[in-house]
Amino acid sequence: RIFPFCYLFRCMLATTGNSQIRTNFNFVTTYPENTTKYTLADGDVVGFDFNREIHYIDNDPDPKRVNKDPRVNLKLHYVVYPKCMRPFGKLLAFLTTRYNVNARNLFLNTIRPKTWRHKFNAKYVVLWTTEAVYRIEQFASWSNVAYVALASLLPRLLLGASSSYPCFVALTSFVHYIMYISVYYLRDDVSYGSFKRDVMFFKVIAYCHLVSQFASAVMANVATTGHPVLSYAMMAVGYGLASSAAMALGVDRTYFGSELGHYPPKWITAFPYSLKIPHPMIVGGIIGLSGFQIYAPFRLAIPWLIPAHIAFYMLHMLQEHFDIIAPKSRGIGKTAASASVTGEKKVA
């Protein structure tokens, strides 16, 4: 997960008939509503990024779909890496192989545990560890966690603890904007569930920086200057407007569900689109961010932070407004120009 540009793909080849057991992928489309499911049988093949893509098996709920014979799959693994990163690719192959061997041996010893050690491993090591790893990947992604950890550690090593925080903020506050711009531009072959998870994760990180810095500034100055009431009011109005727009669109449409082809265009008439406010999410976001910026103690601590946020908002707004997408894009979904007809102009 922490090997950039290196991938290990698992290809599952069904060698027997099967109508009962499904292989599920959560994040291909609009998880959790449309989890992609495959019932692999008689030569069917599915390939996926083994270390980055969540998958699991379950039984088809149809009681008539029951296997008479055991299901047998051949699992083939391929390492893909740039030639210049051959050592990393080889290391990824070695580590994944060792993991698979050890995990399989542990699993086999816990199918019917007899000793107390095997029972302990079955309940606490296999089940709990698997669940924890799955949930972290589902809601945060180990790749994202590794990136945040490195973004925190490297500036400390290079700059020292006292000077590292602004660098950490810079490395983790704008990732979600870059994802918005990239996905909107490219559009093709987007793992939609992963995209939503990643942008939400980094947006939370970005606002943790903003709120923590703002709260620290308020607590340090409230005794002399009082509470920044105007900042509070601008945040309430701005983020109330942006939240209302997101609720009107729904989560999936907010995060390019229509542009990526998962949902048809839809005319939005609910508040705040009923007020004919152009780009209500952008307008609300900028008002809220300006509420942070007008508070002098916050602004003086990291003066470039809010202007950078607003610049990214405006950049993506221009991208949507002028329909800037990849020339070779297959044109999945609706473009920004057609989205404006539906009232779906947004950045969230």
# chains A, B, ... in the order shown; residues from 1 in each chain; ligands from 1

$ select_by_dssp --residues "region 38-116 of chain A" --states "strand (DSSP E)" --output "NGL selection string"
:A and (38 or 45-49 or 55-59 or 73-80)

$ residues_around --residues "Val199 (chain A)" --least-positions-apart "5" --cutoff "8 Å" --atoms "only C-alpha atoms" --output "ChimeraX atom specification"
/A:175-177,179-180

$ write_last_selection --atoms "N, CA, C and O atoms" --output "CSV table (one decimal), in the first residue's frame"
chain,number,residue,atom,x,y,z
A,175,VAL,N,-5.2,18.1,-1.0
A,175,VAL,CA,-5.3,16.8,-1.7
A,175,VAL,C,-6.6,16.6,-2.4
A,175,VAL,O,-6.8,16.2,-3.5
A,176,HIS,N,-7.7,16.9,-1.6
A,176,HIS,CA,-9.0,16.6,-2.1
A,176,HIS,C,-9.4,17.5,-3.3
A,176,HIS,O,-10.0,17.1,-4.3
A,177,TYR,N,-8.9,18.7,-3.4
A,177,TYR,CA,-9.1,19.6,-4.5
A,177,TYR,C,-8.4,19.0,-5.8
A,177,TYR,O,-8.9,19.0,-6.9
A,179,MET,N,-7.8,15.9,-6.3
A,179,MET,CA,-8.6,14.8,-6.7
A,179,MET,C,-9.8,15.2,-7.5
A,179,MET,O,-10.2,14.6,-8.6
A,180,TYR,N,-10.5,16.2,-7.0
A,180,TYR,CA,-11.7,16.8,-7.8
A,180,TYR,C,-11.3,17.1,-9.2
A,180,TYR,O,-11.9,16.7,-10.2

$ residues_around --residues "region 140-147 of chain A" --least-positions-apart "3" --cutoff "7 Å" --atoms "only C-alpha atoms" --output "PyMOL selection string"
chain A and resi 1-2+136-137+150-151+197-198+201

$ write_last_selection --atoms "N, CA and C atoms" --output "compact mmCIF listing (two decimals), in the first residue's frame"
# COMPACT_ATOMS: atom_id res chain seq x y z
N ARG A 1 0.81 -1.20 0.00
CA ARG A 1 0.00 0.00 0.00
C ARG A 1 0.85 1.26 0.00
N ILE A 2 2.08 1.13 0.43
CA ILE A 2 2.94 2.31 0.47
C ILE A 2 4.00 2.25 -0.62
N ILE A 136 -10.63 0.06 8.23
CA ILE A 136 -9.72 1.16 7.95
C ILE A 136 -9.64 1.41 6.44
N GLU A 137 -9.57 0.34 5.67
CA GLU A 137 -9.55 0.50 4.21
C GLU A 137 -10.87 1.06 3.70
N LEU A 150 3.50 9.96 6.49
CA LEU A 150 4.75 10.42 5.89
C LEU A 150 4.78 11.95 5.80
N ALA A 151 3.62 12.56 5.50
CA ALA A 151 3.55 14.03 5.43
C ALA A 151 3.81 14.66 6.79
N ARG A 197 -14.53 8.09 -1.00
CA ARG A 197 -13.87 7.86 0.29
C ARG A 197 -12.64 8.74 0.43
N ASP A 198 -11.82 8.81 -0.60
CA ASP A 198 -10.56 9.55 -0.51
C ASP A 198 -10.80 11.05 -0.36
N PHE A 201 -12.08 11.79 3.09
CA PHE A 201 -11.01 11.63 4.09
C PHE A 201 -10.13 12.87 4.13

$ residues_around --residues "region 74-85 of chain A" --least-positions-apart "6" --cutoff "12 Å" --atoms "only C-alpha atoms" --output "mmCIF file with N, CA and C atoms, in the first residue's frame"
data_model
loop_
_atom_site.group_PDB
_atom_site.id
_atom_site.type_symbol
_atom_site.label_atom_id
_atom_site.label_comp_id
_atom_site.auth_asym_id
_atom_site.auth_seq_id
_atom_site.Cartn_x
_atom_site.Cartn_y
_atom_site.Cartn_z
ATOM 1 N N PHE A 3 3.761 1.429 -1.656
ATOM 2 C CA PHE A 3 4.674 1.311 -2.772
ATOM 3 C C PHE A 3 4.113 2.097 -3.955
ATOM 4 N N PRO A 4 4.546 3.340 -4.158
ATOM 5 C CA PRO A 4 3.972 4.142 -5.236
ATOM 6 C C PRO A 4 4.307 3.567 -6.604
ATOM 7 N N PHE A 5 3.317 3.557 -7.485
ATOM 8 C CA PHE A 5 3.459 3.115 -8.881
ATOM 9 C C PHE A 5 3.765 1.630 -9.007
ATOM 10 N N CYS A 6 3.684 0.892 -7.930
ATOM 11 C CA CYS A 6 3.885 -0.560 -7.966
ATOM 12 C C CYS A 6 2.583 -1.234 -7.544
ATOM 13 N N TYR A 7 2.180 -2.232 -8.305
ATOM 14 C CA TYR A 7 0.885 -2.870 -8.075
ATOM 15 C C TYR A 7 1.032 -4.377 -8.122
ATOM 16 N N LEU A 8 0.259 -5.046 -7.283
ATOM 17 C CA LEU A 8 0.184 -6.493 -7.340
ATOM 18 C C LEU A 8 -1.269 -6.877 -7.624
ATOM 19 N N PHE A 9 -1.480 -7.474 -8.784
ATOM 20 C CA PHE A 9 -2.835 -7.831 -9.201
ATOM 21 C C PHE A 9 -3.094 -9.307 -8.949
ATOM 22 N N ARG A 10 -4.243 -9.584 -8.383
ATOM 23 C CA ARG A 10 -4.713 -10.963 -8.247
ATOM 24 C C ARG A 10 -5.748 -11.227 -9.335
ATOM 25 N N CYS A 11 -5.550 -12.292 -10.080
ATOM 26 C CA CYS A 11 -6.515 -12.729 -11.090
ATOM 27 C C CYS A 11 -7.103 -14.054 -10.633
ATOM 28 N N MET A 12 -8.406 -14.050 -10.401
ATOM 29 C CA MET A 12 -9.092 -15.260 -9.938
ATOM 30 C C MET A 12 -9.719 -15.961 -11.133
ATOM 31 N N LEU A 13 -9.274 -17.183 -11.400
ATOM 32 C CA LEU A 13 -9.745 -17.984 -12.526
ATOM 33 C C LEU A 13 -10.583 -19.147 -11.997
ATOM 34 N N ALA A 14 -11.864 -19.160 -12.335
ATOM 35 C CA ALA A 14 -12.756 -20.232 -11.884
ATOM 36 C C ALA A 14 -12.494 -21.487 -12.703
ATOM 37 N N THR A 15 -12.280 -22.597 -12.026
ATOM 38 C CA THR A 15 -11.996 -23.860 -12.716
ATOM 39 C C THR A 15 -13.138 -24.859 -12.590
ATOM 40 N N THR A 16 -14.184 -24.476 -11.850
ATOM 41 C CA THR A 16 -15.344 -25.361 -11.683
ATOM 42 C C THR A 16 -16.623 -24.551 -11.855
ATOM 43 N N LEU A 40 -18.273 -16.268 -10.316
ATOM 44 C CA LEU A 40 -17.284 -16.814 -11.237
ATOM 45 C C LEU A 40 -17.477 -18.311 -11.409
ATOM 46 N N ALA A 41 -17.513 -18.747 -12.669
ATOM 47 C CA ALA A 41 -17.724 -20.164 -12.948
ATOM 48 C C ALA A 41 -17.121 -20.524 -14.300
ATOM 49 N N ASP A 42 -16.543 -21.726 -14.374
ATOM 50 C CA ASP A 42 -16.142 -22.330 -15.654
ATOM 51 C C ASP A 42 -15.318 -21.405 -16.547
ATOM 52 N N GLY A 43 -14.154 -20.999 -16.079
ATOM 53 C CA GLY A 43 -13.264 -20.210 -16.907
ATOM 54 C C GLY A 43 -13.410 -18.712 -16.779
ATOM 55 N N ASP A 44 -14.361 -18.227 -15.973
ATOM 56 C CA ASP A 44 -14.477 -16.775 -15.746
ATOM 57 C C ASP A 44 -13.249 -16.267 -14.999
ATOM 58 N N VAL A 45 -12.845 -15.043 -15.316
ATOM 59 C CA VAL A 45 -11.677 -14.435 -14.692
ATOM 60 C C VAL A 45 -12.026 -13.031 -14.231
ATOM 61 N N VAL A 46 -11.558 -12.653 -13.045
ATOM 62 C CA VAL A 46 -11.649 -11.269 -12.587
ATOM 63 C C VAL A 46 -10.307 -10.888 -11.978
ATOM 64 N N GLY A 47 -9.832 -9.694 -12.313
ATOM 65 C CA GLY A 47 -8.561 -9.220 -11.785
ATOM 66 C C GLY A 47 -8.747 -7.935 -10.998
ATOM 67 N N PHE A 48 -7.923 -7.729 -9.971
ATOM 68 C CA PHE A 48 -8.043 -6.534 -9.139
ATOM 69 C C PHE A 48 -6.725 -6.286 -8.413
ATOM 70 N N ASP A 49 -6.584 -5.068 -7.919
ATOM 71 C CA ASP A 49 -5.399 -4.669 -7.149
ATOM 72 C C ASP A 49 -5.512 -5.296 -5.763
ATOM 73 N N PHE A 50 -4.716 -6.309 -5.524
ATOM 74 C CA PHE A 50 -4.864 -7.124 -4.323
ATOM 75 C C PHE A 50 -4.653 -6.330 -3.044
ATOM 76 N N ASN A 51 -3.712 -5.395 -3.051
ATOM 77 C CA ASN A 51 -3.374 -4.672 -1.825
ATOM 78 C C ASN A 51 -4.159 -3.390 -1.626
ATOM 79 N N LEU A 91 10.423 -6.145 -4.055
ATOM 80 C CA LEU A 91 10.147 -6.170 -2.618
ATOM 81 C C LEU A 91 8.655 -6.347 -2.359
ATOM 82 N N LEU A 92 7.826 -5.677 -3.149
ATOM 83 C CA LEU A 92 6.377 -5.843 -3.003
ATOM 84 C C LEU A 92 5.966 -7.279 -3.260
ATOM 85 N N ALA A 93 6.554 -7.907 -4.284
ATOM 86 C CA ALA A 93 6.234 -9.308 -4.582
ATOM 87 C C ALA A 93 6.644 -10.218 -3.431
ATOM 88 N N PHE A 94 7.833 -9.996 -2.886
ATOM 89 C CA PHE A 94 8.314 -10.834 -1.787
ATOM 90 C C PHE A 94 7.433 -10.692 -0.551
ATOM 91 N N LEU A 95 7.127 -9.451 -0.169
ATOM 92 C CA LEU A 95 6.325 -9.223 1.037
ATOM 93 C C LEU A 95 4.912 -9.780 0.884
ATOM 94 N N THR A 96 4.330 -9.610 -0.293
ATOM 95 C CA THR A 96 2.975 -10.126 -0.510
ATOM 96 C C THR A 96 2.968 -11.646 -0.481
ATOM 97 N N THR A 97 3.987 -12.264 -1.042
ATOM 98 C CA THR A 97 4.077 -13.729 -1.019
ATOM 99 C C THR A 97 4.174 -14.241 0.414
ATOM 100 N N ASN A 100 0.817 -13.877 2.120
ATOM 101 C CA ASN A 100 -0.166 -14.878 1.702
ATOM 102 C C ASN A 100 0.118 -16.240 2.331
#

$ atom_distance --atom1 "CA of Met219 (chain A)" --atom2 "CA of Ile302 (chain A)"
16.6 Å

$ closest_residue --among "A:Gly291, A:Gly17, A:Gly261, A:Gly238" --to "Asp189 (chain A)" --atoms "only C-alpha atoms"
A:Gly261

$ select_by_dssp --residues "region 49-219 of chain A" --states "alpha helix (DSSP H)" --output "MDAnalysis selection string"
chainID A and resid 86:109 116:120 128:139 142:159 161:172 175:186 192:219

$ atom_distance --atom1 "CA of Thr269 (chain A)" --atom2 "CA of Met200 (chain A)"
25.4 Å

$ residues_around --residues "Ile57 (chain A)" --least-positions-apart "4" --cutoff "7 Å" --atoms "only C-alpha atoms" --output "ChimeraX atom specification"
/A:21-24

$ write_last_selection --atoms "all heavy atoms" --output "PDB file, in the first residue's frame"
ATOM      1  N   ILE A  21     -21.587 -18.849  -4.810  1.00  0.00           N
ATOM      2  CA  ILE A  21     -20.656 -17.963  -4.115  1.00  0.00           C
ATOM      3  C   ILE A  21     -20.290 -16.788  -5.015  1.00  0.00           C
ATOM      4  O   ILE A  21     -19.857 -16.971  -6.155  1.00  0.00           O
ATOM      5  CB  ILE A  21     -19.392 -18.728  -3.692  1.00  0.00           C
ATOM      6  CG1 ILE A  21     -19.785 -19.893  -2.763  1.00  0.00           C
ATOM      7  CG2 ILE A  21     -18.407 -17.796  -2.993  1.00  0.00           C
ATOM      8  CD1 ILE A  21     -18.636 -20.793  -2.383  1.00  0.00           C
ATOM      9  N   ARG A  22     -20.466 -15.569  -4.466  1.00  0.00           N
ATOM     10  CA  ARG A  22     -20.208 -14.350  -5.223  1.00  0.00           C
ATOM     11  C   ARG A  22     -18.942 -13.664  -4.702  1.00  0.00           C
ATOM     12  O   ARG A  22     -18.665 -13.668  -3.497  1.00  0.00           O
ATOM     13  CB  ARG A  22     -21.389 -13.383  -5.102  1.00  0.00           C
ATOM     14  CG  ARG A  22     -22.715 -13.983  -5.529  1.00  0.00           C
ATOM     15  CD  ARG A  22     -23.863 -13.014  -5.344  1.00  0.00           C
ATOM     16  NE  ARG A  22     -24.010 -12.578  -3.952  1.00  0.00           N
ATOM     17  CZ  ARG A  22     -25.007 -11.816  -3.504  1.00  0.00           C
ATOM     18  NH1 ARG A  22     -25.924 -11.384  -4.367  1.00  0.00           N
ATOM     19  NH2 ARG A  22     -25.084 -11.475  -2.241  1.00  0.00           N
ATOM     20  N   THR A  23     -18.201 -13.059  -5.609  1.00  0.00           N
ATOM     21  CA  THR A  23     -17.055 -12.219  -5.258  1.00  0.00           C
ATOM     22  C   THR A  23     -17.487 -10.765  -5.422  1.00  0.00           C
ATOM     23  O   THR A  23     -17.928 -10.360  -6.500  1.00  0.00           O
ATOM     24  CB  THR A  23     -15.854 -12.511  -6.164  1.00  0.00           C
ATOM     25  OG1 THR A  23     -15.526 -13.904  -6.074  1.00  0.00           O
ATOM     26  CG2 THR A  23     -14.651 -11.684  -5.750  1.00  0.00           C
ATOM     27  N   ASN A  24     -17.383 -10.004  -4.343  1.00  0.00           N
ATOM     28  CA  ASN A  24     -17.942  -8.649  -4.299  1.00  0.00           C
ATOM     29  C   ASN A  24     -16.842  -7.601  -4.190  1.00  0.00           C
ATOM     30  O   ASN A  24     -15.864  -7.775  -3.460  1.00  0.00           O
ATOM     31  CB  ASN A  24     -18.877  -8.501  -3.093  1.00  0.00           C
ATOM     32  CG  ASN A  24     -19.970  -9.551  -3.084  1.00  0.00           C
ATOM     33  OD1 ASN A  24     -20.933  -9.478  -3.817  1.00  0.00           O
ATOM     34  ND2 ASN A  24     -19.801 -10.557  -2.230  1.00  0.00           N
TER      35      ASN A  24
END

$ atom_distance --atom1 "CA of Pro166 (chain A)" --atom2 "CA of Ile181 (chain A)"
23.6 Å

$ closest_residue --among "A:Phe202, A:Tyr38, A:Phe195, A:Phe27" --to "Ile54 (chain A)" --atoms "only C-alpha atoms"
A:Phe27

$ closest_residue --among "A:Ala270, A:Ser231, A:Ser212, A:Pro327" --to "Ser290 (chain A)" --atoms "only C-alpha atoms"
A:Ser231
